[in-house]
Each structure stands twice: as structure tokens, then as C-alpha cells.
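**Q** Here it is, the structure in full.
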Amino acid sequence: DVKVTQSSRYLVKRTGEKVFLECVQDMDHENMFWYRQDPGLGLRLIYFSYDVKMKEKGDIPEGYSVSREKKERFSLILESASTNQTSMYLCASSSDRMLQETQYFGPGTRLLVL
Amino acid sequence: GQQLNQSPQSMFIQEGEDVSMNCTSSSIFNTWLWYKQDPGEGPVLLIALYKAGELTSNGRLTAQFGITRKDSFLNISASIPSDVGIYFCAGQLSQGAQKLVFGQGTRLTINP
């Protein structure tokens, strides 16, 4: 079974703090993704990576950056957290070995920015 | 960014009732996926559809890939309390594309 883990389930930070959200997958997947989930808006893609040290902007990258130094790990960074970044953050991974895209999700990190 | 139109946004039903939800788009999709998210958890894949017209079942769940490749539906028969959650459709625009497009989700609530 694919396992995607996220470093924290719940996180409370103050405005202006630098925030790191970590994601690790154990299936040697090439692709990794960060989404945020807000009520009524579904899942919106922030950034994704299709290889080590490679990254692509998603639909809402503003205010975020990412790092992928190792294949199994994909980090989402909030350089200066703001209250409108309070949300549920979901990490996912997928394999290039399958032509049809199936993404496997972690349990999510619920971030509250005060 | 592009999104799928998923409906209904929420459903309140009695235990034992059947449920139907659907997703539509103006774009043609290569793959349709249906995910379920339990409260406080990440989405889990329920059914994957890879061919237009394909009808696939997973227990009490049945999903179809529309003939036009622009829509998909998910049915749940004889609902039970553990069916509660948010259901998302997702589509892949082209073969080999790494990104998925997600619907807004359908929140299912069941009265016992």
C-alpha cells in the first residue's frame, strides 16, 4: 500500500512566522503535489514536482514556495504566514510508471494562522 | 485554474437511501477518478475510470465515465452511516499529464 505521511496533523502559527509543512511518501513516486482545501472550493493545486529539485507552479502559488531535495520528500513553505493561509493542506504523490494519473493523499495538515 | 462542476454540493439523506452525484466539464477528460474524504482525513481513491462509457462497481458504489468524456457520475446504493464524508470527482485532461482537476466536492450527511 502507498503511504503518504505529513509531519503534523494540526498546526497553530502566528502571522509573519515562517512555516514548514513536510510530506514523505514511501512508494518511490516521481510526482508529488501540495493542495489546499477550503469549504466550497474543493482542492486547489499550490505546487507540484515531477522530479528531485524540479517544481512547477499550480493554480495558487502566491505566498508559498516548495523544496524537493530528495525523491521521497516534498516540503511546502509559507515564508510569512498570513491569516488567509488558514486552511487544510493536503500532500499527494503519483507514479510516472502509470499512464493514467492516480494520486494518493496524506492525512492532511490543518493550519491555523492567528 | 480549471475546475469541474460537481453537484450537488451537499446531500442530507436517510440511512438506506440511494445517492447519486455527478461531475461535468466543458473539457474532454482522459481519466475520471472518484475520491472519498472522511472527516479529518485525506481523500482516498474509490473508483478509477479509464474509458468512455465504462461502468465500474466497487461494492455498493457504481461510477460511469460519460460517453462524451465530459462527465461522470457516482451512485451509492443502500447508504449506511459510514458513507458520511465528502466525495470528490477528479479528471485527467490528457494521457501522461501529471495534474488532476478536482470538483468542489459533495458533502454527504446521513440520518440514521
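Lettering and numbering for the C-alpha cells are positional, with chains as A, B, ... in the shown order, residues counted from 1 in each chain, and ligands counted from 1 in the shown order.
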What's the 9 Å shell around Asn30 (chain B), counting only C-alpha atoms, without same-chain residues fewer than 3 positions away, as a list in words?
**A**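 Answer for this query is Gln100 of chain A; Leu49, Tyr50, Lys51, Ala52, Arg69, Gly91, Gln92, Leu93, Ser94 and Gln95 of chain B.
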**Q** With chain A as the partner and 9 Å as the cut-off, tabulate the residues of chain B that qualify, each row holding the nearest pair of atoms and their distance in Å to one decimal, using only C-alpha atoms, sorted by chain and rising number, as a tab-separated table.
**A**
residue	atom	partner	partner_atom	distance
B:Gly1	CA	A:Asp59	CA	5.3
B:Gln2	CA	A:Asp59	CA	8.5
B:Gln3	CA	A:Gly42	CA	8.9
B:Gln9	CA	A:Gly40	CA	7.7
B:Asn30	CA	A:Gln100	CA	8.1
B:Thr31	CA	A:Gln100	CA	6.7
B:Leu33	CA	A:Thr102	CA	7.7
B:Gly40	CA	A:Pro107	CA	7.5
B:Glu41	CA	A:Pro107	CA	4.6
B:Gly42	CA	A:Pro107	CA	4.1
B:Pro43	CA	A:Phe105	CA	6.0
B:Val44	CA	A:Phe105	CA	6.9
B:Leu45	CA	A:Tyr104	CA	7.4
B:Ala48	CA	A:Thr102	CA	8.0
B:Tyr50	CA	A:Gln100	CA	7.5
B:Phe88	CA	A:Gly42	CA	7.8
B:Gly91	CA	A:Glu101	CA	8.8
B:Gln92	CA	A:Glu101	CA	6.7
B:Ser94	CA	A:Gln100	CA	8.8
B:Gln95	CA	A:Leu99	CA	6.0
B:Gly96	CA	A:Leu99	CA	5.1
B:Ala97	CA	A:Glu101	CA	7.2
B:Gln98	CA	A:Glu101	CA	6.2
B:Lys99	CA	A:Glu101	CA	7.6
B:Leu100	CA	A:Glu101	CA	7.5
B:Val101	CA	A:Arg44	CA	8.5
B:Phe102	CA	A:Leu43	CA	6.2
B:Gly103	CA	A:Gly42	CA	6.1
B:Gln104	CA	A:Gly42	CA	3.9
B:Gly105	CA	A:Gly42	CA	5.7
**Q** Neighbouring residues of Val52 (chain A) were defined as those with any atom within 10 Å, considering only C-alpha atoms; residues of the same chain fewer than 2 positions away were excluded. Please report them as a ChimeraX atom specification.
**A** /A:30-32,49-50,54-55,67-74
**Q** Create the file for the chosen residues now, containing all heavy atoms and written as a CSV table (one decimal), in the first residue's frame.
**A**
chain,number,residue,atom,x,y,z
A,30,GLU,N,7.5,9.5,-8.5
A,30,GLU,CA,8.2,10.6,-9.1
A,30,GLU,C,7.5,11.9,-8.8
A,30,GLU,O,8.1,12.9,-8.6
A,30,GLU,CB,8.3,10.4,-10.6
A,30,GLU,CG,9.1,9.3,-11.1
A,30,GLU,CD,8.4,7.9,-11.1
A,30,GLU,OE1,7.2,7.9,-10.8
A,30,GLU,OE2,9.1,6.9,-11.2
A,31,ASN,N,6.2,11.9,-8.8
A,31,ASN,CA,5.4,13.2,-8.7
A,31,ASN,C,4.9,13.4,-7.3
A,31,ASN,O,4.4,12.5,-6.7
A,31,ASN,CB,4.2,13.1,-9.7
A,31,ASN,CG,4.6,12.7,-11.1
A,31,ASN,OD1,5.6,13.2,-11.6
A,31,ASN,ND2,3.9,11.8,-11.7
A,32,MET,N,5.0,14.6,-6.9
A,32,MET,CA,4.4,15.0,-5.6
A,32,MET,C,3.7,16.3,-5.7
A,32,MET,O,4.1,17.2,-6.5
A,32,MET,CB,5.5,15.0,-4.5
A,32,MET,CG,6.1,13.7,-4.2
A,32,MET,SD,7.2,13.6,-2.8
A,32,MET,CE,6.0,13.6,-1.4
A,49,SER,N,5.7,18.7,-8.1
A,49,SER,CA,7.1,18.4,-8.5
A,49,SER,C,7.1,17.1,-9.2
A,49,SER,O,6.5,16.1,-8.7
A,49,SER,CB,8.0,18.4,-7.3
A,49,SER,OG,9.3,17.8,-7.6
A,50,TYR,N,7.8,17.0,-10.4
A,50,TYR,CA,7.8,15.7,-11.1
A,50,TYR,C,9.2,15.1,-11.0
A,50,TYR,O,9.5,14.1,-11.7
A,50,TYR,CB,7.4,15.9,-12.5
A,50,TYR,CG,8.1,17.0,-13.3
A,50,TYR,CD1,9.3,16.8,-13.9
A,50,TYR,CD2,7.6,18.3,-13.3
A,50,TYR,CE1,10.0,17.8,-14.6
A,50,TYR,CE2,8.3,19.3,-14.0
A,50,TYR,CZ,9.5,19.1,-14.6
A,50,TYR,OH,10.1,20.1,-15.2
A,54,MET,N,13.0,19.7,-9.0
A,54,MET,CA,12.1,20.3,-10.0
A,54,MET,C,10.8,20.7,-9.4
A,54,MET,O,10.3,20.0,-8.5
A,54,MET,CB,11.8,19.3,-11.2
A,54,MET,CG,13.0,18.7,-11.8
A,54,MET,SD,14.1,20.0,-12.6
A,54,MET,CE,13.1,20.4,-14.0
A,55,LYS,N,10.2,21.8,-9.8
A,55,LYS,CA,9.0,22.3,-9.3
A,55,LYS,C,8.2,23.0,-10.3
A,55,LYS,O,8.8,23.7,-11.2
A,55,LYS,CB,9.2,23.1,-8.0
A,55,LYS,CG,10.0,24.4,-8.3
A,55,LYS,CD,10.2,25.1,-7.0
A,55,LYS,CE,11.1,26.4,-7.3
A,55,LYS,NZ,11.4,27.1,-6.0
A,67,SER,N,10.2,22.8,-1.7
A,67,SER,CA,11.5,22.3,-1.8
A,67,SER,C,11.4,20.8,-2.0
A,67,SER,O,10.7,20.1,-1.3
A,67,SER,CB,12.3,22.6,-0.6
A,67,SER,OG,13.6,21.9,-0.5
A,68,ARG,N,12.2,20.2,-3.0
A,68,ARG,CA,12.3,18.8,-3.1
A,68,ARG,C,13.7,18.4,-3.3
A,68,ARG,O,14.2,18.3,-4.5
A,68,ARG,CB,11.4,18.3,-4.3
A,68,ARG,CG,11.3,16.8,-4.3
A,68,ARG,CD,10.1,16.3,-4.9
A,68,ARG,NE,9.9,14.9,-4.9
A,68,ARG,CZ,9.4,14.2,-5.9
A,68,ARG,NH1,9.0,14.8,-7.0
A,68,ARG,NH2,9.3,12.9,-5.8
A,69,GLU,N,14.4,18.2,-2.2
A,69,GLU,CA,15.8,17.8,-2.2
A,69,GLU,C,16.0,16.3,-2.4
A,69,GLU,O,17.0,15.8,-2.9
A,69,GLU,CB,16.5,18.3,-1.0
A,69,GLU,CG,16.5,19.8,-0.8
A,69,GLU,CD,17.3,20.4,-1.9
A,69,GLU,OE1,18.4,19.9,-2.3
A,69,GLU,OE2,16.9,21.5,-2.5
A,70,LYS,N,15.0,15.5,-1.9
A,70,LYS,CA,15.0,14.1,-2.1
A,70,LYS,C,13.7,13.6,-2.7
A,70,LYS,O,12.7,14.2,-2.5
A,70,LYS,CB,15.2,13.4,-0.7
A,70,LYS,CG,16.6,13.7,0.0
A,70,LYS,CD,16.7,12.9,1.2
A,70,LYS,CE,18.1,13.1,1.9
A,70,LYS,NZ,18.3,12.3,3.1
A,71,LYS,N,13.8,12.5,-3.4
A,71,LYS,CA,12.6,12.0,-4.1
A,71,LYS,C,11.4,11.7,-3.2
A,71,LYS,O,10.3,12.0,-3.6
A,71,LYS,CB,13.0,10.7,-4.8
A,71,LYS,CG,12.0,10.2,-5.8
A,71,LYS,CD,12.5,9.0,-6.6
A,71,LYS,CE,11.5,8.6,-7.7
A,71,LYS,NZ,12.0,7.4,-8.4
A,72,GLU,N,11.7,11.3,-2.0
A,72,GLU,CA,10.6,10.9,-1.1
A,72,GLU,C,10.0,12.0,-0.3
A,72,GLU,O,8.9,11.9,0.3
A,72,GLU,CB,11.0,9.8,-0.2
A,72,GLU,CG,12.0,10.2,0.9
A,72,GLU,CD,13.5,10.0,0.4
A,72,GLU,OE1,13.7,9.9,-0.8
A,72,GLU,OE2,14.3,10.0,1.3
A,73,ARG,N,10.6,13.2,-0.4
A,73,ARG,CA,10.2,14.3,0.5
A,73,ARG,C,9.9,15.6,-0.3
A,73,ARG,O,10.7,16.0,-1.1
A,73,ARG,CB,11.3,14.6,1.5
A,73,ARG,CG,11.0,15.5,2.6
A,73,ARG,CD,12.2,15.7,3.5
A,73,ARG,NE,12.5,14.4,4.2
A,73,ARG,CZ,12.0,14.1,5.4
A,73,ARG,NH1,11.2,14.8,6.0
A,73,ARG,NH2,12.4,12.9,5.9
A,74,PHE,N,8.7,16.2,0.0
A,74,PHE,CA,8.3,17.4,-0.6
A,74,PHE,C,7.8,18.4,0.4
A,74,PHE,O,6.9,18.1,1.2
A,74,PHE,CB,7.2,17.1,-1.6
A,74,PHE,CG,6.9,18.2,-2.6
A,74,PHE,CD1,7.8,19.0,-3.1
A,74,PHE,CD2,5.6,18.3,-3.1
A,74,PHE,CE1,7.5,20.0,-4.0
A,74,PHE,CE2,5.2,19.3,-4.0
A,74,PHE,CZ,6.2,20.1,-4.5
**Q** Could you please determine the separation between CA of Tyr35 (chain A) and CA of Val113 (chain A) in Å, to one decimal place?
**A**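 CA of Val113 (chain A) lies at a distance of 17.0 Å from CA of Tyr35 (chain A).
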**Q** Record the distance separating CA of Ile86 (chain B) and CA of Asp38 (chain B), expressed in Å with one decimal.
**A**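 CA of Ile86 (chain B) sits 6.7 Å away from CA of Asp38 (chain B).
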**Q** Counting only C-alpha atoms, figure out which residue out of B:Gly59, B:Val19, B:Phe29, B:Cys89 gets nearest to Gln6 (chain B).
**A**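 Closest to Gln6 (chain B), using only C-alpha atoms: B:Cys89.
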**Q** Report the distance between CA of Gly16 (chain A) and CA of Glu79 (chain A) in Å, rounded to one decimal place.
**A**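 Pair CA of Gly16 (chain A) / CA of Glu79 (chain A) returns 7.9 Å.
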**Q** Apply DSSP to the backbone of this structure and, from region 22-85 of chain A, keep only the residues in strand (DSSP E or B); write these as a VMD selection string.
**A** chain A and resid 22 to 25 31 to 38 42 to 49 56 to 57 65 to 70 73 to 78
